[in-house]
file coords09.pdb (PDB, N, CA and C atoms)
ATOM      1  N   MET A 366     -12.384   2.941  28.885
ATOM      2  CA  MET A 366     -11.140   2.755  28.153
ATOM      3  C   MET A 366     -10.070   2.239  29.111
ATOM      4  N   ALA A 367      -9.190   1.424  28.577
ATOM      5  CA  ALA A 367      -8.129   0.842  29.396
ATOM      6  C   ALA A 367      -7.136   1.920  29.826
ATOM      7  N   GLU A 368      -6.465   1.631  30.908
ATOM      8  CA  GLU A 368      -5.426   2.535  31.402
ATOM      9  C   GLU A 368      -4.321   2.670  30.354
ATOM     10  N   THR A 369      -3.810   3.861  30.173
ATOM     11  CA  THR A 369      -2.731   4.075  29.212
ATOM     12  C   THR A 369      -1.399   4.153  29.931
ATOM     13  N   VAL A 370      -0.338   3.809  29.224
ATOM     14  CA  VAL A 370       1.024   3.878  29.759
ATOM     15  C   VAL A 370       1.890   4.641  28.766
ATOM     16  N   MET A 371       3.028   5.098  29.232
ATOM     17  CA  MET A 371       3.955   5.836  28.378
ATOM     18  C   MET A 371       5.205   4.986  28.152
ATOM     19  N   LEU A 372       5.690   4.988  26.931
ATOM     20  CA  LEU A 372       6.923   4.285  26.585
ATOM     21  C   LEU A 372       8.021   5.299  26.325
ATOM     22  N   ASN A 373       9.209   5.018  26.802
ATOM     23  CA  ASN A 373      10.394   5.818  26.484
ATOM     24  C   ASN A 373      11.318   4.945  25.664
ATOM     25  N   VAL A 374      11.726   5.462  24.509
ATOM     26  CA  VAL A 374      12.568   4.702  23.601
ATOM     27  C   VAL A 374      13.777   5.546  23.239
ATOM     28  N   ARG A 375      14.952   4.927  23.291
ATOM     29  CA  ARG A 375      16.175   5.639  22.913
ATOM     30  C   ARG A 375      16.566   5.229  21.499
ATOM     31  N   LEU A 376      16.709   6.256  20.632
ATOM     32  CA  LEU A 376      17.229   6.023  19.295
ATOM     33  C   LEU A 376      17.932   7.274  18.799
ATOM     34  N   PRO A 377      18.770   7.121  17.800
ATOM     35  CA  PRO A 377      19.484   8.281  17.275
ATOM     36  C   PRO A 377      18.500   9.343  16.778
ATOM     37  N   ARG A 378      18.845  10.609  17.036
ATOM     38  CA  ARG A 378      17.948  11.709  16.676
ATOM     39  C   ARG A 378      17.603  11.694  15.194
ATOM     40  N   ASP A 379      18.608  11.475  14.318
ATOM     41  CA  ASP A 379      18.316  11.509  12.881
ATOM     42  C   ASP A 379      17.369  10.383  12.476
ATOM     43  N   LEU A 380      17.491   9.225  13.085
ATOM     44  CA  LEU A 380      16.577   8.125  12.800
ATOM     45  C   LEU A 380      15.154   8.491  13.213
ATOM     46  N   LYS A 381      15.020   9.080  14.395
ATOM     47  CA  LYS A 381      13.707   9.511  14.881
ATOM     48  C   LYS A 381      13.121  10.581  13.964
ATOM     49  N   ASP A 382      13.932  11.564  13.568
ATOM     50  CA  ASP A 382      13.448  12.648  12.704
ATOM     51  C   ASP A 382      13.018  12.124  11.343
ATOM     52  N   HIS A 383      13.835  11.258  10.745
ATOM     53  CA  HIS A 383      13.498  10.715   9.428
ATOM     54  C   HIS A 383      12.266   9.816   9.507
ATOM     55  N   GLY A 384      12.174   9.018  10.563
ATOM     56  CA  GLY A 384      10.999   8.163  10.742
ATOM     57  C   GLY A 384       9.734   8.979  10.930
ATOM     58  N   THR A 385       9.831  10.062  11.695
ATOM     59  CA  THR A 385       8.684  10.934  11.916
ATOM     60  C   THR A 385       8.232  11.569  10.605
ATOM     61  N   GLN A 386       9.182  11.939   9.752
ATOM     62  CA  GLN A 386       8.833  12.502   8.447
ATOM     63  C   GLN A 386       8.057  11.493   7.597
ATOM     64  N   VAL A 387       8.500  10.247   7.619
ATOM     65  CA  VAL A 387       7.802   9.195   6.864
ATOM     66  C   VAL A 387       6.380   9.019   7.401
ATOM     67  N   LEU A 388       6.247   8.999   8.710
ATOM     68  CA  LEU A 388       4.921   8.850   9.312
ATOM     69  C   LEU A 388       4.018  10.019   8.926
ATOM     70  N   GLN A 389       4.530  11.246   8.976
ATOM     71  CA  GLN A 389       3.739  12.424   8.622
ATOM     72  C   GLN A 389       3.300  12.375   7.162
ATOM     73  N   ARG A 390       4.206  11.963   6.280
ATOM     74  CA  ARG A 390       3.847  11.859   4.849
ATOM     75  C   ARG A 390       2.732  10.845   4.636
ATOM     76  N   ASN A 391       2.626   9.881   5.547
ATOM     77  CA  ASN A 391       1.598   8.850   5.429
ATOM     78  C   ASN A 391       0.391   9.122   6.321
ATOM     79  N   GLY A 392       0.322  10.324   6.869
ATOM     80  CA  GLY A 392      -0.863  10.750   7.608
ATOM     81  C   GLY A 392      -1.009  10.154   8.994
ATOM     82  N   THR A 393       0.074   9.813   9.637
ATOM     83  CA  THR A 393      -0.010   9.268  10.990
ATOM     84  C   THR A 393       1.095   9.876  11.844
ATOM     85  N   ASN A 394       1.204   9.414  13.078
ATOM     86  CA  ASN A 394       2.235   9.920  13.982
ATOM     87  C   ASN A 394       2.847   8.753  14.750
ATOM     88  N   VAL A 395       3.829   9.050  15.577
ATOM     89  CA  VAL A 395       4.557   8.013  16.308
ATOM     90  C   VAL A 395       3.611   7.226  17.218
ATOM     91  N   THR A 396       2.743   7.933  17.926
ATOM     92  CA  THR A 396       1.824   7.265  18.849
ATOM     93  C   THR A 396       0.936   6.261  18.121
ATOM     94  N   GLU A 397       0.339   6.678  17.022
ATOM     95  CA  GLU A 397      -0.548   5.777  16.266
ATOM     96  C   GLU A 397       0.233   4.601  15.680
ATOM     97  N   PHE A 398       1.459   4.879  15.226
ATOM     98  CA  PHE A 398       2.279   3.814  14.658
ATOM     99  C   PHE A 398       2.624   2.769  15.715
ATOM    100  N   VAL A 399       3.050   3.223  16.885
ATOM    101  CA  VAL A 399       3.406   2.291  17.963
ATOM    102  C   VAL A 399       2.164   1.537  18.428
ATOM    103  N   ARG A 400       1.044   2.231  18.545
ATOM    104  CA  ARG A 400      -0.203   1.568  18.947
ATOM    105  C   ARG A 400      -0.579   0.491  17.946
ATOM    106  N   SER A 401      -0.464   0.790  16.648
ATOM    107  CA  SER A 401      -0.811  -0.209  15.633
ATOM    108  C   SER A 401       0.170  -1.386  15.663
ATOM    109  N   ALA A 402       1.448  -1.110  15.967
ATOM    110  CA  ALA A 402       2.425  -2.196  16.069
ATOM    111  C   ALA A 402       2.071  -3.130  17.229
ATOM    112  N   PHE A 403       1.715  -2.550  18.370
ATOM    113  CA  PHE A 403       1.337  -3.383  19.519
ATOM    114  C   PHE A 403       0.021  -4.111  19.260
ATOM    115  N   GLN A 404      -0.895  -3.482  18.538
ATOM    116  CA  GLN A 404      -2.148  -4.154  18.191
ATOM    117  C   GLN A 404      -1.868  -5.355  17.297
ATOM    118  N   TYR A 405      -0.936  -5.197  16.361
ATOM    119  CA  TYR A 405      -0.534  -6.302  15.499
ATOM    120  C   TYR A 405       0.026  -7.455  16.335
ATOM    121  N   LEU A 406       0.902  -7.126  17.285
ATOM    122  CA  LEU A 406       1.482  -8.161  18.146
ATOM    123  C   LEU A 406       0.402  -8.908  18.917
ATOM    124  N   GLU A 407      -0.564  -8.163  19.425
ATOM    125  CA  GLU A 407      -1.646  -8.799  20.188
ATOM    126  C   GLU A 407      -2.514  -9.675  19.284
ATOM    127  N   ASP A 408      -2.854  -9.165  18.106
ATOM    128  CA  ASP A 408      -3.736  -9.902  17.194
ATOM    129  C   ASP A 408      -3.072 -11.134  16.610
ATOM    130  N   GLU A 409      -1.818 -10.986  16.167
ATOM    131  CA  GLU A 409      -1.134 -12.068  15.451
ATOM    132  C   GLU A 409      -0.311 -12.980  16.352
ATOM    133  N   GLN A 410       0.042 -12.503  17.548
ATOM    134  CA  GLN A 410       0.871 -13.272  18.486
ATOM    135  C   GLN A 410       2.214 -13.658  17.879
ATOM    136  N   ARG A 411       2.748 -12.769  17.062
ATOM    137  CA  ARG A 411       4.061 -12.982  16.457
ATOM    138  C   ARG A 411       4.608 -11.645  15.987
ATOM    139  N   LEU A 412       5.911 -11.619  15.703
ATOM    140  CA  LEU A 412       6.535 -10.425  15.156
ATOM    141  C   LEU A 412       6.231 -10.320  13.665
ATOM    142  N   PRO A 413       6.199  -9.105  13.128
ATOM    143  CA  PRO A 413       6.073  -8.973  11.671
ATOM    144  C   PRO A 413       7.296  -9.575  10.985
ATOM    145  N   GLU A 414       7.151  -9.939   9.726
ATOM    146  CA  GLU A 414       8.238 -10.584   8.976
ATOM    147  C   GLU A 414       9.549  -9.808   9.082
ATOM    148  N   TYR A 415       9.498  -8.486   8.917
ATOM    149  CA  TYR A 415      10.726  -7.692   8.891
ATOM    150  C   TYR A 415      11.460  -7.673  10.225
ATOM    151  N   ALA A 416      10.778  -7.984  11.316
ATOM    152  CA  ALA A 416      11.387  -7.897  12.642
ATOM    153  C   ALA A 416      11.831  -9.251  13.185
ATOM    154  N   GLN A 417      11.628 -10.301  12.411
ATOM    155  CA  GLN A 417      11.944 -11.631  12.912
ATOM    156  C   GLN A 417      13.426 -11.922  12.830
ATOM    157  N   THR A 418      13.911 -12.618  13.858
ATOM    158  CA  THR A 418      15.281 -13.111  13.878
ATOM    159  C   THR A 418      15.226 -14.624  13.754
ATOM    160  N   SER A 419      16.358 -15.264  13.706
ATOM    161  CA  SER A 419      16.365 -16.725  13.570
ATOM    162  C   SER A 419      15.718 -17.396  14.774
ATOM    163  N   ALA A 420      15.838 -16.810  15.968
ATOM    164  CA  ALA A 420      15.200 -17.398  17.151
ATOM    165  C   ALA A 420      13.688 -17.354  17.010
ATOM    166  N   CYS A 421      13.171 -16.290  16.437
ATOM    167  CA  CYS A 421      11.731 -16.176  16.239
ATOM    168  C   CYS A 421      11.253 -17.158  15.183
ATOM    169  N   SER A 422      12.068 -17.405  14.181
ATOM    170  CA  SER A 422      11.626 -18.291  13.122
ATOM    171  C   SER A 422      11.419 -19.715  13.634
ATOM    172  N   VAL A 423      12.163 -20.133  14.634
ATOM    173  CA  VAL A 423      11.955 -21.453  15.225
ATOM    174  C   VAL A 423      10.572 -21.510  15.865
ATOM    175  N   TYR A 424      10.228 -20.476  16.610
ATOM    176  CA  TYR A 424       8.912 -20.406  17.247
ATOM    177  C   TYR A 424       7.810 -20.378  16.188
ATOM    178  N   ASP A 425       8.000 -19.559  15.150
ATOM    179  CA  ASP A 425       6.993 -19.477  14.096
ATOM    180  C   ASP A 425       6.849 -20.798  13.357
ATOM    181  N   GLN A 426       7.953 -21.506  13.157
ATOM    182  CA  GLN A 426       7.877 -22.798  12.485
ATOM    183  C   GLN A 426       7.054 -23.774  13.313
ATOM    184  N   ARG A 427       7.226 -23.742  14.615
ATOM    185  CA  ARG A 427       6.424 -24.606  15.489
ATOM    186  C   ARG A 427       4.942 -24.252  15.386
ATOM    187  N   ARG A 428       4.643 -22.941  15.375
ATOM    188  CA  ARG A 428       3.250 -22.501  15.242
ATOM    189  C   ARG A 428       2.657 -22.968  13.912
ATOM    190  N   LYS A 429       3.429 -22.845  12.825
ATOM    191  CA  LYS A 429       2.952 -23.287  11.515
ATOM    192  C   LYS A 429       2.680 -24.783  11.524
ATOM    193  N   ASN A 430       3.584 -25.554  12.131
ATOM    194  CA  ASN A 430       3.384 -27.002  12.200
ATOM    195  C   ASN A 430       2.128 -27.342  12.988
ATOM    196  N   LEU A 431       1.913 -26.657  14.113
ATOM    197  CA  LEU A 431       0.719 -26.918  14.906
ATOM    198  C   LEU A 431      -0.548 -26.549  14.140
ATOM    199  N   ARG A 432      -0.516 -25.433  13.416
ATOM    200  CA  ARG A 432      -1.682 -25.042  12.611
ATOM    201  C   ARG A 432      -1.947 -26.058  11.515
ATOM    202  N   ARG A 433      -0.865 -26.569  10.897
ATOM    203  CA  ARG A 433      -1.024 -27.567   9.841
ATOM    204  C   ARG A 433      -1.642 -28.844  10.407
ATOM    205  N   ILE A 434      -1.148 -29.265  11.568
ATOM    206  CA  ILE A 434      -1.689 -30.470  12.205
ATOM    207  C   ILE A 434      -3.139 -30.255  12.602
ATOM    208  N   ALA A 435      -3.437 -29.090  13.152
ATOM    209  CA  ALA A 435      -4.820 -28.797  13.539
ATOM    210  C   ALA A 435      -5.728 -28.817  12.321
ATOM    211  N   GLY A 436      -5.251 -28.296  11.202
ATOM    212  CA  GLY A 436      -6.036 -28.325   9.972
ATOM    213  C   GLY A 436      -6.262 -29.739   9.479
ATOM    214  N   MET A 437      -5.244 -30.587   9.613
ATOM    215  CA  MET A 437      -5.391 -31.979   9.205
ATOM    216  C   MET A 437      -6.418 -32.682  10.087
ATOM    217  N   LEU A 438      -6.391 -32.406  11.381
ATOM    218  CA  LEU A 438      -7.365 -33.013  12.281
ATOM    219  C   LEU A 438      -8.775 -32.531  11.969
ATOM    220  N   ALA A 439      -8.901 -31.244  11.622
ATOM    221  CA  ALA A 439     -10.219 -30.692  11.316
ATOM    222  C   ALA A 439     -10.788 -31.299  10.042
ATOM    223  N   ARG A 440      -9.914 -31.634   9.078
ATOM    224  CA  ARG A 440     -10.378 -32.205   7.812
ATOM    225  C   ARG A 440     -10.585 -33.708   7.881
ATOM    226  N   ALA A 441     -10.077 -34.349   8.913
ATOM    227  CA  ALA A 441     -10.171 -35.810   9.013
ATOM    228  C   ALA A 441     -11.636 -36.240   9.076
ATOM    229  N   GLY A 442     -11.988 -37.195   8.268
ATOM    230  CA  GLY A 442     -13.336 -37.736   8.301
ATOM    231  C   GLY A 442     -14.372 -36.898   7.582
ATOM    232  N   THR A 443     -13.977 -35.900   6.815
ATOM    233  CA  THR A 443     -14.964 -35.051   6.149
ATOM    234  C   THR A 443     -15.704 -35.781   5.041
ATOM    235  N   ALA A 444     -15.128 -36.832   4.464
ATOM    236  CA  ALA A 444     -15.810 -37.575   3.409
ATOM    237  C   ALA A 444     -17.056 -38.267   3.954
ATOM    238  N   GLU A 445     -17.028 -38.678   5.218
ATOM    239  CA  GLU A 445     -18.162 -39.359   5.819
ATOM    240  C   GLU A 445     -19.115 -38.378   6.499
ATOM    241  N   GLY A 446     -18.815 -37.121   6.469
ATOM    242  CA  GLY A 446     -19.650 -36.127   7.127
ATOM    243  C   GLY A 446     -19.008 -35.668   8.418
ATOM    244  N   PRO A 447     -19.779 -34.948   9.238
ATOM    245  CA  PRO A 447     -19.225 -34.412  10.485
ATOM    246  C   PRO A 447     -18.705 -35.517  11.392
ATOM    247  N   GLN A 448     -17.659 -35.202  12.090
ATOM    248  CA  GLN A 448     -17.041 -36.147  13.010
ATOM    249  C   GLN A 448     -17.042 -35.523  14.394
ATOM    250  N   GLU A 449     -17.058 -36.351  15.420
ATOM    251  CA  GLU A 449     -17.009 -35.830  16.773
ATOM    252  C   GLU A 449     -15.694 -35.104  16.992
ATOM    253  N   PRO A 450     -15.689 -34.080  17.838
ATOM    254  CA  PRO A 450     -14.450 -33.340  18.102
ATOM    255  C   PRO A 450     -13.353 -34.272  18.628
ATOM    256  N   VAL A 451     -12.129 -33.960  18.271
ATOM    257  CA  VAL A 451     -10.971 -34.752  18.703
ATOM    258  C   VAL A 451     -10.589 -34.326  20.110
ATOM    259  N   ASP A 452     -10.467 -35.299  21.011
ATOM    260  CA  ASP A 452      -9.994 -35.022  22.360
ATOM    261  C   ASP A 452      -8.474 -35.140  22.324
ATOM    262  N   ALA A 453      -7.812 -33.985  22.219
ATOM    263  CA  ALA A 453      -6.366 -33.964  22.038
ATOM    264  C   ALA A 453      -5.626 -34.636  23.189
ATOM    265  N   LYS A 454      -6.108 -34.448  24.398
ATOM    266  CA  LYS A 454      -5.437 -35.033  25.556
ATOM    267  C   LYS A 454      -5.529 -36.563  25.515
ATOM    268  N   ALA A 455      -6.702 -37.074  25.211
ATOM    269  CA  ALA A 455      -6.874 -38.528  25.126
ATOM    270  C   ALA A 455      -6.056 -39.100  23.973
ATOM    271  N   LEU A 456      -6.037 -38.390  22.844
ATOM    272  CA  LEU A 456      -5.252 -38.837  21.698
ATOM    273  C   LEU A 456      -3.768 -38.876  22.044
ATOM    274  N   ARG A 457      -3.301 -37.882  22.756
ATOM    275  CA  ARG A 457      -1.891 -37.833  23.174
ATOM    276  C   ARG A 457      -1.558 -39.021  24.071
ATOM    277  N   HIS A 458      -2.420 -39.273  25.065
ATOM    278  CA  HIS A 458      -2.173 -40.401  25.982
ATOM    279  C   HIS A 458      -2.204 -41.729  25.237
ATOM    280  N   GLU A 459      -3.118 -41.858  24.291
ATOM    281  CA  GLU A 459      -3.210 -43.085  23.507
ATOM    282  C   GLU A 459      -1.927 -43.312  22.704
ATOM    283  N   ARG A 460      -1.440 -42.259  22.081
ATOM    284  CA  ARG A 460      -0.211 -42.387  21.279
ATOM    285  C   ARG A 460       1.003 -42.660  22.156
ATOM    286  N   LEU A 461       1.062 -42.027  23.329
ATOM    287  CA  LEU A 461       2.169 -42.294  24.250
ATOM    288  C   LEU A 461       2.119 -43.734  24.744
ATOM    289  N   ASP A 462       0.926 -44.221  25.041
ATOM    290  CA  ASP A 462       0.775 -45.620  25.465
ATOM    291  C   ASP A 462       1.254 -46.574  24.377
ATOM    292  N   GLN A 463       0.904 -46.276  23.115
ATOM    293  CA  GLN A 463       1.346 -47.125  22.010
ATOM    294  C   GLN A 463       2.867 -47.074  21.856
ATOM    295  N   ARG A 464       3.404 -45.888  21.970
ATOM    296  CA  ARG A 464       4.837 -45.715  21.762
ATOM    297  C   ARG A 464       5.666 -46.398  22.847
ATOM    298  N   TYR A 465       5.197 -46.336  24.078
ATOM    299  CA  TYR A 465       5.974 -46.858  25.203
ATOM    300  C   TYR A 465       5.336 -48.094  25.828
ATOM    301  N   LYS A 466       4.585 -48.866  25.040
ATOM    302  CA  LYS A 466       3.883 -50.033  25.571
ATOM    303  C   LYS A 466       4.842 -51.068  26.172
ATOM    304  N   ASP A 467       6.042 -51.196  25.604
ATOM    305  CA  ASP A 467       7.010 -52.160  26.124
ATOM    306  C   ASP A 467       7.474 -51.771  27.532
ATOM    307  N   TYR A 468       7.551 -50.463  27.786
ATOM    308  CA  TYR A 468       7.995 -49.980  29.082
ATOM    309  C   TYR A 468       6.878 -50.037  30.123
ATOM    310  N   LEU A 469       5.639 -50.000  29.661
ATOM    311  CA  LEU A 469       4.498 -49.978  30.572
ATOM    312  C   LEU A 469       4.119 -51.369  31.041
ATOM    313  N   SER A 470       4.544 -52.405  30.322
ATOM    314  CA  SER A 470       4.168 -53.776  30.677
ATOM    315  C   SER A 470       4.959 -54.305  31.848
TER     316      SER A 470
END

call {"tool": "encode", "arguments": {"input": "coords09.pdb", "output": "structure tokens"}}
result
Amino acid sequence: MAETVMLNVRLPRDLKDHGTQVLQRNGTNVTEFVRSAFQYLEDEQRLPEYAQTSACSVYDQRRKNLRRIAGMLARAGTAEGPQEPVDAKALRHERLDQRYKDYLS
């Protein structure tokens, strides 16, 4: 098992007490809740919806755009059957060469 660490968190006593009551009613405790929150962060690589701020939404929007583009690349050429994997680095260089061809000459 991995090494464990301890977290210290400062919050108002009434908030902690009320939160602990909610956790107990749902059959869990603070440790399990925090562990599941960190597991979510590791698995999803993003904050949950309720915890996002406007700065996070910019990052998430970029991730969504990249996933959409990746999906488009994966679907490209499916009508003709399997296609060779896309070399993203070569594709990037090709597009940059096309875009800046006047400067490269």

call {"tool": "residues_near_point", "arguments": {"input": "coords09.pdb", "point": "(3.5, 3.3, 28.5)", "cutoff": "12 Å", "atoms": "only C-alpha atoms", "output": "number ranges by chain"}}
result
A: 367-374, 396, 399-400, 403

call {"tool": "atom_distance", "arguments": {"input": "coords09.pdb", "atom1": "CA of Gln463 (chain A)", "atom2": "atom N of Gln426 (chain A)"}}
result
27.9 Å

call {"tool": "atom_distance", "arguments": {"input": "coords09.pdb", "atom1": "atom N of Gly392 (chain A)", "atom2": "atom C of Leu380 (chain A)"}}
result
16.2 Å

call {"tool": "closest_residue", "arguments": {"input": "coords09.pdb", "among": "A:Arg464, A:Arg411, A:Arg375, A:His383", "to": "Asp425 (chain A)", "atoms": "only C-alpha atoms"}}
result
A:Arg411

call {"tool": "atom_distance", "arguments": {"input": "coords09.pdb", "atom1": "atom C of Thr393 (chain A)", "atom2": "CA of Lys381 (chain A)"}}
result
13.0 Å

call {"tool": "residues_around", "arguments": {"input": "coords09.pdb", "residues": "Asn394 (chain A)", "least_positions_apart": "5", "cutoff": "8 Å", "atoms": "only C-alpha atoms", "output": "PyMOL selection string"}}
result
chain A and resi 385+388-389

call {"tool": "decode", "arguments": {"input": "coords09.pdb", "residues": "region 455-465 of chain A", "atoms": "all heavy atoms", "output": "compact mmCIF listing (two decimals), in the first residue's frame"}}
result
# COMPACT_ATOMS: atom_id res chain seq x y z
N ALA A 455 3.76 15.42 -36.92
CA ALA A 455 3.96 15.66 -38.35
C ALA A 455 2.83 16.52 -38.91
O ALA A 455 3.07 17.43 -39.72
CB ALA A 455 4.04 14.33 -39.10
N LEU A 456 1.60 16.25 -38.48
CA LEU A 456 0.46 17.04 -38.93
C LEU A 456 0.61 18.49 -38.50
O LEU A 456 0.36 19.41 -39.28
CB LEU A 456 -0.83 16.45 -38.36
CG LEU A 456 -2.13 17.13 -38.77
CD1 LEU A 456 -2.33 17.07 -40.27
CD2 LEU A 456 -3.29 16.48 -38.04
N ARG A 457 1.06 18.71 -37.29
CA ARG A 457 1.27 20.07 -36.79
C ARG A 457 2.32 20.80 -37.63
O ARG A 457 2.13 21.94 -38.04
CB ARG A 457 1.71 20.02 -35.33
CG ARG A 457 1.99 21.37 -34.73
CD ARG A 457 2.35 21.24 -33.25
NE ARG A 457 2.71 22.50 -32.70
CZ ARG A 457 3.97 22.96 -32.60
NH1 ARG A 457 4.96 22.22 -33.01
NH2 ARG A 457 4.21 24.15 -32.09
N HIS A 458 3.45 20.13 -37.88
CA HIS A 458 4.51 20.75 -38.68
C HIS A 458 4.03 21.05 -40.10
O HIS A 458 4.35 22.10 -40.66
CB HIS A 458 5.76 19.87 -38.71
CG HIS A 458 6.53 19.91 -37.43
ND1 HIS A 458 7.25 21.01 -37.02
CD2 HIS A 458 6.68 18.99 -36.44
CE1 HIS A 458 7.82 20.76 -35.85
NE2 HIS A 458 7.47 19.54 -35.48
N GLU A 459 3.25 20.14 -40.66
CA GLU A 459 2.72 20.34 -42.01
C GLU A 459 1.81 21.57 -42.05
O GLU A 459 1.91 22.41 -42.94
CB GLU A 459 1.94 19.10 -42.44
CG GLU A 459 1.33 19.20 -43.82
CD GLU A 459 0.53 17.96 -44.15
OE1 GLU A 459 0.93 16.85 -43.74
OE2 GLU A 459 -0.50 18.11 -44.83
N ARG A 460 0.95 21.69 -41.06
CA ARG A 460 0.03 22.84 -41.02
C ARG A 460 0.77 24.14 -40.77
O ARG A 460 0.43 25.18 -41.33
CB ARG A 460 -1.04 22.61 -39.97
CG ARG A 460 -1.94 21.45 -40.35
CD ARG A 460 -3.36 21.69 -40.01
NE ARG A 460 -4.20 20.65 -40.57
CZ ARG A 460 -5.04 19.94 -39.87
NH1 ARG A 460 -5.18 20.16 -38.58
NH2 ARG A 460 -5.78 19.03 -40.45
N LEU A 461 1.79 24.11 -39.91
CA LEU A 461 2.59 25.31 -39.68
C LEU A 461 3.34 25.71 -40.94
O LEU A 461 3.44 26.90 -41.26
CB LEU A 461 3.57 25.09 -38.52
CG LEU A 461 2.95 25.08 -37.13
CD1 LEU A 461 3.98 24.65 -36.10
CD2 LEU A 461 2.38 26.44 -36.78
N ASP A 462 3.88 24.74 -41.65
CA ASP A 462 4.56 25.02 -42.92
C ASP A 462 3.61 25.67 -43.92
O ASP A 462 3.98 26.63 -44.61
CB ASP A 462 5.15 23.75 -43.52
CG ASP A 462 6.37 23.25 -42.75
OD1 ASP A 462 6.92 24.01 -41.93
OD2 ASP A 462 6.76 22.08 -42.96
N GLN A 463 2.37 25.16 -44.00
CA GLN A 463 1.39 25.74 -44.91
C GLN A 463 1.03 27.16 -44.50
O GLN A 463 0.95 28.05 -45.34
CB GLN A 463 0.12 24.89 -44.94
CG GLN A 463 0.27 23.57 -45.63
CD GLN A 463 -0.97 22.70 -45.47
OE1 GLN A 463 -1.92 23.08 -44.80
NE2 GLN A 463 -0.94 21.54 -46.11
N ARG A 464 0.86 27.34 -43.21
CA ARG A 464 0.43 28.65 -42.72
C ARG A 464 1.50 29.72 -42.91
O ARG A 464 1.21 30.87 -43.22
CB ARG A 464 0.07 28.53 -41.24
CG ARG A 464 -0.49 29.78 -40.65
CD ARG A 464 -0.96 29.54 -39.24
NE ARG A 464 -1.58 30.71 -38.69
CZ ARG A 464 -2.09 30.78 -37.49
NH1 ARG A 464 -2.06 29.73 -36.71
NH2 ARG A 464 -2.63 31.89 -37.06
N TYR A 465 2.75 29.35 -42.71
CA TYR A 465 3.84 30.32 -42.76
C TYR A 465 4.76 30.12 -43.96
O TYR A 465 5.92 30.49 -43.93
CB TYR A 465 4.65 30.26 -41.46
CG TYR A 465 3.81 30.63 -40.27
CD1 TYR A 465 3.42 29.67 -39.34
CD2 TYR A 465 3.40 31.94 -40.06
CE1 TYR A 465 2.62 30.01 -38.25
CE2 TYR A 465 2.61 32.29 -38.97
CZ TYR A 465 2.24 31.31 -38.07
OH TYR A 465 1.45 31.65 -36.99
